[in-house]
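Worksheet for the structure shown next.
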Amino acid sequence: MSLSSLSESPSSGGLELLKAKNLSHSFDYLLFENIDLTIKENEKVAVIGVSGSGKSTLLHILATLLKPQKGSVELFGKDLYSLSSKEQLAIRRFKIGIIFQFHYLFKGMSGAENIEIATLLSENKPDTEILHRLGIENVINQRVTELSGGQQQRVSIARVLSKKPRIIFADEPTGNLDDETAHIVMDAVFEHIKKVSGALFLVTHDERIAKSCDRVYRLENRRLEQIQ
Ligand SMILES: Nc1ncnc2c1ncn2[C@@H]1O[C@H](COP(=O)(O)OP(=O)(O)OP(=O)(O)O)[C@@H](O)[C@H]1O
Ligand SMILES: [Mg+2]
């Protein structure tokens with residue numbers, strides 16, 4: 001490999017957006033220990049692993065939602081869990097987007113209202129292009145409870161993309177989608193990351209989607225093992 005191609009590789013240059021050091025966490029049993037992970041701008045990282053291995057827990061720790069029992073997380077150069085809850089909230093509101101495994105939409109409202117709240121809080125405007133792109137423009141005014149699982153999943157993705165976050169944490173975002181829709185959705189997410197020079201931390205059971213990221217890890221035996 002030539003020196004010039006080395007310097008152009010996304011993992012060698014670029015700003016570090018996320019840096020986790022020495023993370024350990026347990027609930028009833030030790031989930032993982034001594035995990036280190038750095039994600040730079042323009043990098044997409046996928047994590048796979050069997051159910052119960054701790055993928056969602058790791059995502060929650062990286063995404064401001066859960067303080068690890070050991071170790072530290074830096075987001076945008078700041079030590080996340082030594083920030084005040086107000087500062088953490090500002091990061092959560094303006095700089096990152098979390099696509100949850102179980103959507104967490106406001107059920108009494110329409111899809112459009114769910115998106116409107118997210119954009120109001122993050123001081124953005126709803127983006128109708130995203131709705132077309134994700135194929136939900138015709139159902140967006142229906143109540144969330146009237147939508148199919150896959151439609152709800154796409155509303156929750158549209159909600160996050162509309163916030164225009166720099167880092168997206170996505171927990172099985174395509175779990176309820178057929179292959180074709182899953183690819184349309186992931187293309188929209190990848191394109192967003194490129195546009196904002198952002199980063200993606202993706203948990204998925206879909207190996208093909210994982211492989212379309214820059215790096216792939218497997219969470220197994222309490223370690224994060226890089227497999228791509
Ligand atoms: N808040 C919590 N309190 C107690 N135990 C928890 C909590 N969150 C997760 N766990 C436990 O930690 C383990 C790992 O859960 P986690 O949700 O991180 O797994 P996962 O790898 O995301 O699994 P899946 O692929 O099924 O989503 C499970 O045994 C779960 O019961
Ligand atoms: Mg999970």
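As shown in the structure tokens, the chain order sets the letters A, B, ...; within each chain, residues go from 1, and ligands are also counted from 1 in the order they appear.
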Review point. Within 7 Å of ligand 1, counting only C-alpha atoms and all ligand atoms: which residues, as a PyMOL selection string?
Key: chain A and resi 27-28+31+49-58
Point to revise | Non-local contacts of A:Phe32 (7 Å; only C-alpha atoms; under 3 positions in same chain excluded) as a PyMOL selection string | key: chain A and resi 24-25+222-223
Using C-alpha atoms, can you export the residues from the last selection as a CSV table (one decimal), in the first residue's frame?
```
chain,number,residue,atom,x,y,z
A,24,SER,CA,-16.8,-2.6,31.5
A,25,HIS,CA,-20.4,-3.2,32.5
A,222,ARG,CA,-17.1,-10.1,26.8
A,223,ARG,CA,-14.8,-8.6,24.1
```
Review point. If you run DSSP on this backbone, which residues of stretch 28-225 of chain A come out as alpha helix (DSSP H), and could you give them as number ranges by chain?
Key: A: 55-62, 85-90, 111-121, 128-133, 149-162, 179-195, 207-211
Practice item. Can you list, as an MDAnalysis selection string, all residues belonging to stretch 14-161 of chain A that DSSP tags as strand (DSSP E or B)? Key: chainID A and resid 16:26 30:40 43:48 70:75 78:79 96:99 110 143
**Study point:** A:Asp214 environment, 7 Å, only C-alpha atoms, sequence neighbours closer than 2 positions dropped, as a ChimeraX atom specification
**Key:** /A:43-45,212,216
Those same residues - C-alpha atoms - I'd like them written as a compact mmCIF listing (two decimals), in the first residue's frame.
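Saved as out-v8.txt:
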```
# COMPACT_ATOMS: atom_id res chain seq x y z
CA GLU A 43 -16.53 6.29 9.72
CA LYS A 44 -19.29 3.73 9.93
CA VAL A 45 -18.85 0.99 12.51
CA SER A 212 -21.23 -2.32 4.12
CA VAL A 216 -17.29 -4.66 11.80
```
Practice item. Write out as a PyMOL selection string the residues lying within 6 Å of A:Pro165, counting only C-alpha atoms and excluding same-chain residues fewer than 6 positions away. Key: chain A and resi 95-97
Dump as a PDB file, in the first residue's frame, selection limited to C-alpha atoms:
```
ATOM      1  CA  LYS A  95     -25.375  16.514  18.204  1.00  0.00           C
ATOM      2  CA  ILE A  96     -26.397  12.884  18.244  1.00  0.00           C
ATOM      3  CA  GLY A  97     -29.353  10.826  17.067  1.00  0.00           C
TER       4      GLY A  97
END
```
